[in-house]
file target-v8.txt (compact mmCIF, C-alpha atoms)
# COMPACT_ATOMS: atom_id res chain seq x y z
CA MET A 257 -9.15 -30.46 19.61
CA ILE A 258 -7.78 -27.08 20.66
CA LYS A 259 -10.44 -24.44 21.24
CA ALA A 260 -9.24 -20.91 20.54
CA ALA A 261 -10.96 -17.52 20.71
CA MET A 262 -9.84 -14.77 18.33
CA PHE A 263 -10.58 -11.16 19.25
CA ASP A 264 -10.71 -7.99 17.15
CA THR A 265 -11.36 -10.19 14.14
CA LYS A 266 -11.59 -8.69 10.67
CA PRO A 267 -12.93 -10.53 7.61
CA TYR A 268 -9.42 -10.97 6.22
CA ASP A 269 -8.26 -12.49 9.54
CA LYS A 270 -11.00 -15.09 9.46
CA ALA A 271 -10.37 -15.97 5.81
CA SER A 272 -6.64 -16.35 6.42
CA PHE A 273 -6.87 -18.41 9.60
CA GLU A 274 -9.54 -20.74 8.28
CA LYS A 275 -7.13 -21.83 5.55
CA VAL A 276 -4.53 -23.06 8.05
CA SER A 277 -6.44 -24.08 11.20
CA GLY A 278 -7.05 -27.62 9.95
CA ASP A 279 -8.86 -30.29 11.97
CA THR A 280 -6.89 -29.84 15.20
CA VAL A 281 -7.93 -26.25 16.00
CA LYS A 282 -11.42 -24.84 16.33
CA ILE A 283 -11.36 -21.03 16.30
CA THR A 284 -14.30 -18.91 17.43
CA TYR A 285 -14.13 -15.42 15.98
CA PHE A 286 -15.18 -12.33 17.95
CA ASP A 287 -15.39 -8.88 16.40
CA THR A 288 -15.05 -7.22 19.79
CA MET A 289 -11.73 -6.38 21.41
CA LEU A 290 -10.47 -8.26 24.44
CA CYS A 291 -10.67 -6.21 27.64
CA GLU A 292 -12.04 -6.45 31.19
CA SER A 293 -15.64 -6.11 30.01
CA THR A 294 -15.31 -8.85 27.37
CA VAL A 295 -12.94 -11.31 29.07
CA GLY A 296 -15.93 -13.44 30.08
CA LEU A 297 -16.07 -14.60 26.46
CA THR A 298 -12.84 -16.55 27.02
CA ARG A 299 -14.53 -19.08 29.33
CA GLY A 300 -14.24 -22.58 27.93
CA PHE A 301 -11.35 -21.81 25.57
CA ASP A 302 -7.82 -23.21 25.77
CA CYS A 303 -6.22 -20.25 23.99
CA VAL A 304 -6.92 -16.69 22.91
CA ILE A 305 -5.59 -15.06 19.75
CA PRO A 306 -5.58 -11.28 20.32
CA PHE A 307 -4.18 -8.39 18.29
CA VAL A 308 -2.32 -5.12 18.92
CA ASN A 309 -5.18 -3.12 20.44
CA ASP A 310 -6.58 -5.79 22.74
CA ASP A 311 -6.09 -4.97 26.42
CA ILE A 312 -4.28 -7.88 28.06
CA SER A 313 -3.84 -6.29 31.46
CA GLY A 314 -3.22 -8.00 34.76
CA ALA A 315 -6.95 -8.12 35.52
CA VAL A 316 -7.70 -9.66 32.12
CA ILE A 317 -4.92 -12.23 32.57
CA ASP A 318 -6.24 -13.22 36.01
CA ALA A 319 -9.74 -13.64 34.62
CA MET A 320 -8.52 -15.68 31.67
CA ALA A 321 -6.54 -17.97 33.95
CA GLU A 322 -9.65 -18.54 36.04
CA ASN A 323 -11.58 -19.29 32.86
CA GLY A 324 -9.12 -22.03 31.94
CA VAL A 325 -7.13 -20.21 29.25
CA ARG A 326 -3.59 -21.60 29.04
CA LEU A 327 -2.07 -19.60 26.22
CA VAL A 328 -2.17 -16.10 24.71
CA ALA A 329 -1.07 -16.38 21.07
CA LEU A 330 -0.58 -12.82 19.84
CA ARG A 331 -1.00 -12.54 16.09
CA CYS A 332 1.42 -9.60 16.00
CA ALA A 333 5.04 -8.86 16.82
CA GLY A 334 4.60 -6.19 19.50
CA TYR A 335 3.46 -7.05 23.01
CA ASN A 336 3.31 -3.66 24.74
CA ASN A 337 -0.40 -4.31 25.39
CA VAL A 338 0.40 -7.38 27.51
CA ASP A 339 1.22 -7.33 31.22
CA VAL A 340 3.95 -9.92 30.85
CA LYS A 341 4.91 -9.88 34.53
CA SER A 342 1.34 -10.62 35.54
CA ALA A 343 1.19 -13.50 33.06
CA PHE A 344 4.25 -15.21 34.56
CA GLY A 345 3.25 -18.46 36.23
CA LYS A 346 -0.39 -18.18 35.11
CA LEU A 347 -0.37 -18.65 31.34
CA HIS A 348 2.04 -18.59 28.43
CA VAL A 349 2.38 -15.74 25.95
CA VAL A 350 3.70 -16.22 22.42
CA ARG A 351 3.86 -13.83 19.47
CA VAL A 352 4.61 -13.66 15.74
CA PRO A 353 8.03 -12.01 15.68
CA ALA A 354 8.81 -11.87 11.97
CA TYR A 355 5.87 -12.57 9.72
CA SER A 356 6.02 -9.40 7.64
CA PRO A 357 9.35 -7.52 7.66
CA HIS A 358 9.26 -6.86 3.92
CA ALA A 359 5.58 -5.86 3.96
CA VAL A 360 6.14 -3.24 6.66
CA ALA A 361 9.46 -1.95 5.30
CA GLU A 362 8.09 -1.66 1.75
CA HIS A 363 5.03 0.17 3.06
CA ALA A 364 7.27 2.62 4.92
CA ALA A 365 9.15 3.22 1.65
CA ALA A 366 5.85 3.74 -0.17
CA LEU A 367 4.84 6.38 2.37
CA LEU A 368 8.22 8.08 1.96
CA LEU A 369 8.00 8.17 -1.84
CA THR A 370 4.42 9.41 -1.67
CA SER A 371 5.60 12.27 0.51
CA VAL A 372 8.71 13.40 -1.34
CA ARG A 373 7.07 13.24 -4.78
CA ARG A 374 3.69 14.67 -3.66
CA ILE A 375 1.83 11.66 -5.07
CA HIS A 376 -1.08 12.02 -2.63
CA LYS A 377 -1.67 15.62 -3.72
CA ALA A 378 -1.43 14.75 -7.42
CA PHE A 379 -3.88 11.88 -6.95
CA ASN A 380 -6.43 14.14 -5.31
CA ARG A 381 -6.06 16.73 -8.07
CA THR A 382 -6.44 14.32 -10.96
CA ARG A 383 -9.58 12.84 -9.42
CA GLU A 384 -11.11 16.26 -10.08
CA TYR A 385 -9.59 16.38 -13.61
CA ASN A 386 -7.07 18.99 -12.47
CA PHE A 387 -3.78 18.13 -14.15
CA SER A 388 -1.83 21.16 -12.95
CA ILE A 389 1.58 20.34 -11.53
CA ALA A 390 2.00 23.67 -9.75
CA GLY A 391 3.11 23.09 -6.17
CA LEU A 392 3.94 19.42 -6.79
CA THR A 393 7.72 19.79 -7.08
CA GLY A 394 9.31 17.08 -4.98
CA THR A 395 12.81 16.17 -3.93
CA GLU A 396 15.19 13.29 -4.60
CA LEU A 397 16.19 10.76 -1.98
CA TYR A 398 19.60 10.17 -3.55
CA GLY A 399 22.35 11.51 -1.31
CA LYS A 400 20.02 12.16 1.62
CA THR A 401 20.58 10.65 5.07
CA ALA A 402 18.10 8.10 6.43
CA GLY A 403 18.08 7.61 10.19
CA ILE A 404 16.60 4.28 11.26
CA VAL A 405 15.57 3.78 14.87
CA GLY A 406 15.48 0.04 15.51
CA THR A 407 17.40 -2.40 13.30
CA GLY A 408 15.50 -5.60 13.83
CA LYS A 409 14.14 -7.56 10.89
CA ILE A 410 11.99 -4.67 9.60
CA GLY A 411 14.59 -1.97 10.21
CA ARG A 412 17.32 -3.81 8.34
CA VAL A 413 15.04 -4.38 5.31
CA PHE A 414 14.20 -0.67 5.29
CA ALA A 415 17.92 0.12 5.52
CA ASP A 416 18.56 -1.96 2.40
CA ILE A 417 15.74 -0.18 0.57
CA CYS A 418 17.18 3.21 1.48
CA ARG A 419 20.63 2.22 0.30
CA GLY A 420 19.04 1.16 -2.98
CA PHE A 421 17.91 4.77 -3.39
CA GLY A 422 21.50 5.90 -2.89
CA MET A 423 20.90 7.22 0.61
CA LYS A 424 23.39 7.30 3.46
CA VAL A 425 22.00 5.13 6.27
CA ILE A 426 22.67 5.74 9.96
CA ALA A 427 20.95 3.82 12.74
CA PHE A 428 20.31 3.60 16.44
CA ASP A 429 19.57 0.43 18.36
CA LYS A 430 20.16 -0.55 21.98
CA PHE A 431 21.62 -3.77 20.64
CA PRO A 432 23.60 -2.93 17.46
CA ASP A 433 23.92 -5.68 14.88
CA PRO A 434 27.22 -5.56 12.93
CA SER A 435 25.58 -7.40 10.02
CA VAL A 436 23.23 -4.47 9.35
CA ASN A 437 24.41 -2.30 6.46
CA ALA A 438 24.28 0.99 8.38
CA VAL A 439 26.50 3.21 10.52
CA TYR A 440 25.40 3.09 14.14
CA THR A 441 25.31 6.27 16.15
CA ASP A 442 23.61 7.70 19.23
CA LEU A 443 20.02 8.91 19.11
CA HIS A 444 20.95 12.59 19.44
CA THR A 445 23.25 12.41 16.42
CA LEU A 446 20.66 10.49 14.42
CA PHE A 447 18.02 13.14 15.08
CA ALA A 448 20.46 15.92 14.19
CA GLU A 449 21.86 14.48 10.94
CA SER A 450 18.91 12.69 9.33
CA ASP A 451 16.82 14.01 6.47
CA VAL A 452 14.44 11.09 6.97
CA ILE A 453 13.75 9.42 10.31
CA SER A 454 11.94 6.07 10.31
CA LEU A 455 10.84 4.30 13.48
CA HIS A 456 11.07 0.51 13.59
CA CYS A 457 11.18 -0.23 17.30
CA PRO A 458 8.76 -1.60 19.92
CA LEU A 459 6.97 0.72 22.33
CA THR A 460 8.28 0.60 25.90
CA ASP A 461 8.08 2.82 28.95
CA GLU A 462 11.60 3.97 28.13
CA ASN A 463 10.90 5.22 24.59
CA TYR A 464 7.35 6.52 25.03
CA HIS A 465 7.19 9.88 23.18
CA MET A 466 10.71 9.34 21.88
CA ILE A 467 9.93 12.08 19.40
CA ASP A 468 8.69 15.08 21.33
CA ARG A 469 9.25 18.84 21.34
CA SER A 470 12.79 18.61 22.67
CA SER A 471 13.90 15.98 20.16
CA MET A 472 12.30 17.93 17.29
CA GLU A 473 14.41 20.95 18.20
CA ILE A 474 17.51 18.89 17.41
CA MET A 475 16.26 17.82 14.00
CA LYS A 476 16.91 19.45 10.64
CA ASN A 477 14.32 21.84 9.32
CA GLY A 478 12.08 19.97 6.89
CA VAL A 479 12.85 16.51 8.26
CA ILE A 480 10.52 13.70 7.20
CA ILE A 481 9.28 11.39 9.97
CA ILE A 482 7.91 7.90 9.26
CA ASN A 483 6.19 5.79 11.91
CA THR A 484 5.00 2.27 11.11
CA SER A 485 5.68 0.91 14.60
CA ARG A 486 3.57 2.23 17.49
CA GLY A 487 1.74 5.55 17.82
CA GLY A 488 3.01 6.20 21.34
CA LEU A 489 6.55 6.70 20.05
CA ILE A 490 5.55 10.20 18.92
CA ASP A 491 3.96 13.02 20.91
CA ALA A 492 1.06 13.77 18.56
CA GLU A 493 0.46 17.29 19.84
CA ALA A 494 4.13 18.18 19.41
CA LEU A 495 4.07 16.69 15.91
CA ILE A 496 1.08 18.84 14.96
CA ASP A 497 2.89 21.97 16.14
CA GLY A 498 6.07 20.90 14.33
CA ILE A 499 4.19 20.52 11.04
CA LYS A 500 2.39 23.84 11.47
CA ASP A 501 5.69 25.59 12.24
CA LYS A 502 7.28 23.89 9.19
CA LYS A 503 9.95 22.33 11.36
CA ILE A 504 8.68 18.95 10.21
CA GLY A 505 8.63 18.75 6.42
CA ALA A 506 6.30 15.75 6.36
CA ALA A 507 4.99 13.03 8.64
CA CYS A 508 4.03 9.61 7.29
CA LEU A 509 1.96 7.75 9.87
CA ASP A 510 0.51 4.25 9.76
CA VAL A 511 -0.07 4.21 13.53
CA TYR A 512 -1.56 6.73 15.92
CA GLU A 513 -1.41 7.47 19.61
CA GLU A 514 -4.51 6.09 21.37
CA GLU A 515 -5.50 4.40 18.12
CA SER A 516 -7.34 1.55 19.85
CA ASN A 517 -10.39 3.77 20.21
CA LEU A 518 -10.23 4.67 16.53
CA PHE A 519 -9.98 1.12 15.21
CA SER A 520 -12.43 -0.51 17.63
CA PRO A 521 -15.11 -2.34 15.61
CA THR A 522 -17.75 -1.21 18.10
CA ALA A 523 -16.71 2.44 18.21
CA PRO A 524 -19.05 4.90 16.53
CA VAL A 525 -17.82 7.55 14.14
CA ILE A 526 -15.70 9.83 16.30
CA SER A 527 -17.90 12.59 17.62
CA CYS A 528 -16.63 13.42 21.10
CA ALA A 529 -14.70 16.64 20.63
CA THR A 530 -13.33 16.46 24.17
CA THR A 531 -11.20 13.38 23.53
CA PHE A 532 -7.52 13.79 22.82
CA LEU A 533 -7.80 11.37 19.92
CA HIS A 534 -10.52 13.43 18.27
CA VAL A 535 -8.55 16.65 18.63
CA CYS A 536 -5.42 15.08 17.16
CA CYS A 537 -7.26 13.41 14.29
CA GLN A 538 -9.02 16.63 13.38
CA CYS A 539 -5.72 18.54 13.37
CA LEU A 540 -3.68 15.84 11.68
CA THR A 541 -6.15 15.19 8.87
CA SER A 542 -6.25 18.90 8.05
CA LEU A 543 -2.51 19.07 7.39
CA SER A 544 -1.46 18.56 3.77
CA ARG A 545 2.08 17.54 4.70
CA LEU A 546 0.87 14.59 6.72
CA ILE A 547 0.22 11.21 5.11
CA ARG A 548 -1.90 8.93 7.27
CA ARG A 549 -2.95 5.38 6.53
CA SER A 550 -5.40 3.08 8.25
CA SER A 551 -2.75 0.76 9.71
CA GLN A 552 -2.23 -1.22 6.51
CA ARG A 553 1.52 -1.74 6.81
CA LYS A 554 1.13 -5.51 7.29
CA ARG A 555 -1.60 -6.01 4.73
CA SER A 556 0.00 -8.14 2.05
CA ARG A 557 -1.08 -11.62 0.99
CA GLN A 558 2.26 -13.06 2.02
CA SER A 559 2.27 -11.46 5.47
CA GLN A 560 -1.30 -12.50 6.25
CA LYS A 561 -0.45 -16.09 5.30
CA ARG A 562 2.63 -16.08 7.52
CA GLN A 563 0.73 -14.43 10.37
CA SER A 564 -1.95 -17.09 10.43
CA GLU A 565 0.48 -19.98 9.97
CA ILE A 566 2.81 -18.92 12.77
CA SER A 567 -0.08 -18.13 15.13
CA VAL A 568 -1.79 -21.48 14.58
CA HIS A 569 1.48 -23.43 14.79
CA SER A 570 2.22 -21.80 18.15
CA LEU A 571 -0.82 -23.44 19.72
CA PRO A 572 -0.22 -26.47 22.01
CA GLY A 573 0.38 -29.69 20.12
CA ASN A 574 -0.07 -28.01 16.76
CA ARG A 575 3.48 -27.43 15.57
CA PRO A 576 4.25 -28.48 11.98

call {"tool": "encode", "arguments": {"input": "target-v8.txt", "output": "structure tokens"}}
result
Amino acid sequence: MIKAAMFDTKPYDKASFEKVSGDTVKITYFDTMLCESTVGLTRGFDCVIPFVNDDISGAVIDAMAENGVRLVALRCAGYNNVDVKSAFGKLHVVRVPAYSPHAVAEHAAALLLTSVRRIHKAFNRTREYNFSIAGLTGTELYGKTAGIVGTGKIGRVFADICRGFGMKVIAFDKFPDPSVNAVYTDLHTLFAESDVISLHCPLTDENYHMIDRSSMEIMKNGVIIINTSRGGLIDAEALIDGIKDKKIGAACLDVYEEESNLFSPTAPVISCATTFLHVCCQCLTSLSRLIRRSSQRKRSRQSQKRQSEISVHSLPGNRP
């Protein structure tokens, strides 16, 4: 029997994985995140099943290899939190590359619609029995230009959704796919011509803070920015200033820079005013033109089922 340790486990993770683990895999669930101080918990396990905010650094990989771990089975698509070079020759790393493209793309569209039609503001008003529509005038998406950064499985689904709204779709990707229903262009042109910019790319050293003060200067006044990928793609301080200056019409965020501290199950309610995360959260949550979600882009029944199935089937000797 394969012995696996899952880190950063939420109740929905456990419920989903228990349905598919069967008799060949025994999973031990840990609420804590995987890092140097918790890597000792991996002793005696064949595999670990971490998530996006677990720290799989070189030191953690070395410790896991010493503890007998043979495989890191990420239950997510991104792997920017893994020192892949350090893992080479010590243990294998696998991921779930495409378990929820529709879930993420549809969530990005939901954030966009919420923003342009002021649904979040109307919801808050009607909770207080205020049915005034003053200040809730929105805008149509039809005829607008959507700029999509990253045209993998999620990006192409979002492109199709945008075209369904009657939008013009332009895209940037280091590896253009001619089958995607979009006009490819360079990143500078995309920033300059888009009314809506949606990020659907992995986080790398090359694109860290892809959207910063200089790139915002290129953009149209009132541009809407959507990020359902990784928080580090956007300079949060520059975004705050852009919203305050009304350069950015709206920001729809499902991810946040340095979010691992925010979503840690052991972290207390944020109280340290000296941390960058605290400063950004306080500023961001005070801005009415910012829509922020608690990283729920992948939370659909279908995506959770696929996530658990693909993760479990990636374990040694457990393929369907």

call {"tool": "atom_distance", "arguments": {"input": "target-v8.txt", "atom1": "atom CA of Ser485 of chain A", "atom2": "atom CA of Val352 of chain A"}}
result
14.7 Å

call {"tool": "closest_residue", "arguments": {"input": "target-v8.txt", "among": "A:Ser450, A:Asp287, A:Val425, A:Val281", "to": "Lys266 of chain A", "atoms": "all atoms listed in the file"}}
result
A:Asp287

call {"tool": "closest_residue", "arguments": {"input": "target-v8.txt", "among": "A:Asn337, A:Ser277, A:Thr370, A:Thr401", "to": "Asp461 of chain A", "atoms": "only C-alpha atoms"}}
result
A:Asn337

call {"tool": "atom_distance", "arguments": {"input": "target-v8.txt", "atom1": "atom CA of Thr284 of chain A", "atom2": "atom CA of Val308 of chain A"}}
result
18.3 Å

call {"tool": "atom_distance", "arguments": {"input": "target-v8.txt", "atom1": "atom CA of Ala333 of chain A", "atom2": "atom CA of Arg351 of chain A"}}
result
5.8 Å

call {"tool": "residues_around", "arguments": {"input": "target-v8.txt", "residues": "Val276 of chain A", "least_positions_apart": "5", "cutoff": "8 Å", "atoms": "all atoms listed in the file", "output": "list in words"}}
result
Ser564, Glu565 and Val568 of chain A

call {"tool": "residues_around", "arguments": {"input": "target-v8.txt", "residues": "Ala438 of chain A", "least_positions_apart": "4", "cutoff": "8 Å", "atoms": "only C-alpha atoms", "output": "JSON, numbers by chain"}}
result
{"A": [415, 425, 426, 427]}

call {"tool": "residues_around", "arguments": {"input": "target-v8.txt", "residues": "Lys424 of chain A", "least_positions_apart": "3", "cutoff": "7 Å", "atoms": "all atoms listed in the file", "output": "PyMOL selection string"}}
result
chain A and resi 399-402+419

call {"tool": "closest_residue", "arguments": {"input": "target-v8.txt", "among": "A:Ser567, A:Leu455, A:His358, A:Met475", "to": "Asp269 of chain A", "atoms": "all atoms listed in the file"}}
result
A:Ser567

call {"tool": "closest_residue", "arguments": {"input": "target-v8.txt", "among": "A:Met262, A:Ile474, A:Ala366, A:Val295", "to": "Phe307 of chain A", "atoms": "only C-alpha atoms"}}
result
A:Met262

call {"tool": "closest_residue", "arguments": {"input": "target-v8.txt", "among": "A:Asp302, A:Tyr335, A:Thr294, A:Lys341", "to": "Gly314 of chain A", "atoms": "all atoms listed in the file"}}
result
A:Lys341

call {"tool": "residues_around", "arguments": {"input": "target-v8.txt", "residues": "Lys282 of chain A", "least_positions_apart": "5", "cutoff": "9 Å", "atoms": "all atoms listed in the file", "output": "PyMOL selection string"}}
result
chain A and resi 257-261+277

call {"tool": "write_last_selection", "arguments": {"input": "target-v8.txt", "atoms": "C-alpha atoms", "output": "PDB file, keeping the file's coordinate frame"}}
result
ATOM      1  CA  MET A 257      -9.150 -30.460  19.610  1.00  0.00           C
ATOM      2  CA  ILE A 258      -7.780 -27.080  20.660  1.00  0.00           C
ATOM      3  CA  LYS A 259     -10.440 -24.440  21.240  1.00  0.00           C
ATOM      4  CA  ALA A 260      -9.240 -20.910  20.540  1.00  0.00           C
ATOM      5  CA  ALA A 261     -10.960 -17.520  20.710  1.00  0.00           C
ATOM      6  CA  SER A 277      -6.440 -24.080  11.200  1.00  0.00           C
TER       7      SER A 277
END

call {"tool": "closest_residue", "arguments": {"input": "target-v8.txt", "among": "A:Lys409, A:Lys476, A:Lys377, A:Lys502", "to": "Leu446 of chain A", "atoms": "all atoms listed in the file"}}
result
A:Lys476

call {"tool": "residues_around", "arguments": {"input": "target-v8.txt", "residues": "Asp310 of chain A", "least_positions_apart": "5", "cutoff": "9 Å", "atoms": "all atoms listed in the file", "output": "PyMOL selection string"}}
result
chain A and resi 263-264+289-291+337-338+516

call {"tool": "axis_aligned_box", "arguments": {"input": "target-v8.txt", "around": "segment 459-478 of chain A", "padding_each_side": "6 Å", "output": "JSON"}}
result
{"center_x": 12.2, "center_y": 11.2, "center_z": 17.9, "size_x": 22.5, "size_y": 33.2, "size_z": 34.1}

call {"tool": "decode", "arguments": {"input": "target-v8.txt", "residues": "segment 350-379 of chain A", "atoms": "N, CA and C atoms", "output": "PDB file, in the first residue's frame"}}
result
ATOM      1  N   VAL A 350       5.265  15.524  -9.884  1.00  0.00           N
ATOM      2  CA  VAL A 350       4.173  15.513 -10.856  1.00  0.00           C
ATOM      3  C   VAL A 350       3.149  16.555 -10.421  1.00  0.00           C
ATOM      4  N   ARG A 351       2.262  16.924 -11.330  1.00  0.00           N
ATOM      5  CA  ARG A 351       1.270  17.954 -11.037  1.00  0.00           C
ATOM      6  C   ARG A 351      -0.054  17.608 -11.704  1.00  0.00           C
ATOM      7  N   VAL A 352      -1.055  18.456 -11.504  1.00  0.00           N
ATOM      8  CA  VAL A 352      -2.363  18.274 -12.129  1.00  0.00           C
ATOM      9  C   VAL A 352      -2.518  19.408 -13.140  1.00  0.00           C
ATOM     10  N   PRO A 353      -2.175  19.171 -14.392  1.00  0.00           N
ATOM     11  CA  PRO A 353      -2.075  20.285 -15.339  1.00  0.00           C
ATOM     12  C   PRO A 353      -3.396  20.855 -15.827  1.00  0.00           C
ATOM     13  N   ALA A 354      -4.480  20.090 -15.795  1.00  0.00           N
ATOM     14  CA  ALA A 354      -5.695  20.585 -16.451  1.00  0.00           C
ATOM     15  C   ALA A 354      -6.966  20.056 -15.795  1.00  0.00           C
ATOM     16  N   TYR A 355      -7.043  20.162 -14.487  1.00  0.00           N
ATOM     17  CA  TYR A 355      -8.229  19.608 -13.839  1.00  0.00           C
ATOM     18  C   TYR A 355      -9.394  20.577 -13.793  1.00  0.00           C
ATOM     19  N   SER A 356      -9.152  21.866 -14.037  1.00  0.00           N
ATOM     20  CA  SER A 356     -10.259  22.805 -13.844  1.00  0.00           C
ATOM     21  C   SER A 356     -10.225  24.017 -14.774  1.00  0.00           C
ATOM     22  N   PRO A 357      -9.942  23.852 -16.063  1.00  0.00           N
ATOM     23  CA  PRO A 357      -9.890  25.044 -16.925  1.00  0.00           C
ATOM     24  C   PRO A 357     -11.209  25.791 -16.989  1.00  0.00           C
ATOM     25  N   HIS A 358     -12.330  25.078 -17.054  1.00  0.00           N
ATOM     26  CA  HIS A 358     -13.622  25.753 -17.124  1.00  0.00           C
ATOM     27  C   HIS A 358     -13.966  26.413 -15.797  1.00  0.00           C
ATOM     28  N   ALA A 359     -13.631  25.762 -14.690  1.00  0.00           N
ATOM     29  CA  ALA A 359     -13.932  26.346 -13.379  1.00  0.00           C
ATOM     30  C   ALA A 359     -13.224  27.678 -13.203  1.00  0.00           C
ATOM     31  N   VAL A 360     -11.953  27.730 -13.554  1.00  0.00           N
ATOM     32  CA  VAL A 360     -11.178  28.960 -13.380  1.00  0.00           C
ATOM     33  C   VAL A 360     -11.629  30.033 -14.365  1.00  0.00           C
ATOM     34  N   ALA A 361     -11.792  29.654 -15.630  1.00  0.00           N
ATOM     35  CA  ALA A 361     -12.191  30.632 -16.646  1.00  0.00           C
ATOM     36  C   ALA A 361     -13.575  31.201 -16.349  1.00  0.00           C
ATOM     37  N   GLU A 362     -14.508  30.355 -15.935  1.00  0.00           N
ATOM     38  CA  GLU A 362     -15.854  30.831 -15.608  1.00  0.00           C
ATOM     39  C   GLU A 362     -15.820  31.747 -14.389  1.00  0.00           C
ATOM     40  N   HIS A 363     -14.954  31.434 -13.427  1.00  0.00           N
ATOM     41  CA  HIS A 363     -14.839  32.294 -12.248  1.00  0.00           C
ATOM     42  C   HIS A 363     -14.277  33.664 -12.635  1.00  0.00           C
ATOM     43  N   ALA A 364     -13.299  33.666 -13.538  1.00  0.00           N
ATOM     44  CA  ALA A 364     -12.755  34.940 -14.019  1.00  0.00           C
ATOM     45  C   ALA A 364     -13.850  35.762 -14.695  1.00  0.00           C
ATOM     46  N   ALA A 365     -14.704  35.099 -15.474  1.00  0.00           N
ATOM     47  CA  ALA A 365     -15.811  35.804 -16.127  1.00  0.00           C
ATOM     48  C   ALA A 365     -16.808  36.328 -15.100  1.00  0.00           C
ATOM     49  N   ALA A 366     -17.033  35.550 -14.040  1.00  0.00           N
ATOM     50  CA  ALA A 366     -17.946  35.989 -12.984  1.00  0.00           C
ATOM     51  C   ALA A 366     -17.415  37.247 -12.297  1.00  0.00           C
ATOM     52  N   LEU A 367     -16.115  37.276 -12.048  1.00  0.00           N
ATOM     53  CA  LEU A 367     -15.506  38.460 -11.449  1.00  0.00           C
ATOM     54  C   LEU A 367     -15.652  39.669 -12.374  1.00  0.00           C
ATOM     55  N   LEU A 368     -15.448  39.434 -13.666  1.00  0.00           N
ATOM     56  CA  LEU A 368     -15.559  40.522 -14.639  1.00  0.00           C
ATOM     57  C   LEU A 368     -16.985  41.081 -14.674  1.00  0.00           C
ATOM     58  N   LEU A 369     -17.974  40.210 -14.739  1.00  0.00           N
ATOM     59  CA  LEU A 369     -19.363  40.661 -14.781  1.00  0.00           C
ATOM     60  C   LEU A 369     -19.756  41.375 -13.488  1.00  0.00           C
ATOM     61  N   THR A 370     -19.276  40.853 -12.376  1.00  0.00           N
ATOM     62  CA  THR A 370     -19.545  41.503 -11.091  1.00  0.00           C
ATOM     63  C   THR A 370     -19.025  42.932 -11.102  1.00  0.00           C
ATOM     64  N   SER A 371     -17.850  43.115 -11.698  1.00  0.00           N
ATOM     65  CA  SER A 371     -17.231  44.434 -11.727  1.00  0.00           C
ATOM     66  C   SER A 371     -17.972  45.399 -12.643  1.00  0.00           C
ATOM     67  N   VAL A 372     -18.211  44.981 -13.885  1.00  0.00           N
ATOM     68  CA  VAL A 372     -18.761  45.930 -14.858  1.00  0.00           C
ATOM     69  C   VAL A 372     -20.229  46.257 -14.599  1.00  0.00           C
ATOM     70  N   ARG A 373     -20.943  45.376 -13.886  1.00  0.00           N
ATOM     71  CA  ARG A 373     -22.347  45.646 -13.589  1.00  0.00           C
ATOM     72  C   ARG A 373     -22.575  45.981 -12.112  1.00  0.00           C
ATOM     73  N   ARG A 374     -21.490  46.208 -11.374  1.00  0.00           N
ATOM     74  CA  ARG A 374     -21.551  46.679  -9.982  1.00  0.00           C
ATOM     75  C   ARG A 374     -22.387  45.759  -9.088  1.00  0.00           C
ATOM     76  N   ILE A 375     -22.331  44.465  -9.358  1.00  0.00           N
ATOM     77  CA  ILE A 375     -23.163  43.514  -8.616  1.00  0.00           C
ATOM     78  C   ILE A 375     -22.766  43.465  -7.140  1.00  0.00           C
ATOM     79  N   HIS A 376     -21.473  43.572  -6.852  1.00  0.00           N
ATOM     80  CA  HIS A 376     -21.023  43.506  -5.451  1.00  0.00           C
ATOM     81  C   HIS A 376     -21.563  44.685  -4.647  1.00  0.00           C
ATOM     82  N   LYS A 377     -21.606  45.864  -5.274  1.00  0.00           N
ATOM     83  CA  LYS A 377     -22.136  47.043  -4.582  1.00  0.00           C
ATOM     84  C   LYS A 377     -23.642  46.919  -4.363  1.00  0.00           C
ATOM     85  N   ALA A 378     -24.358  46.434  -5.396  1.00  0.00           N
ATOM     86  CA  ALA A 378     -25.803  46.269  -5.280  1.00  0.00           C
ATOM     87  C   ALA A 378     -26.147  45.246  -4.206  1.00  0.00           C
ATOM     88  N   PHE A 379     -25.360  44.185  -4.132  1.00  0.00           N
ATOM     89  CA  PHE A 379     -25.597  43.145  -3.120  1.00  0.00           C
ATOM     90  C   PHE A 379     -25.470  43.724  -1.716  1.00  0.00           C
TER      91      PHE A 379
END
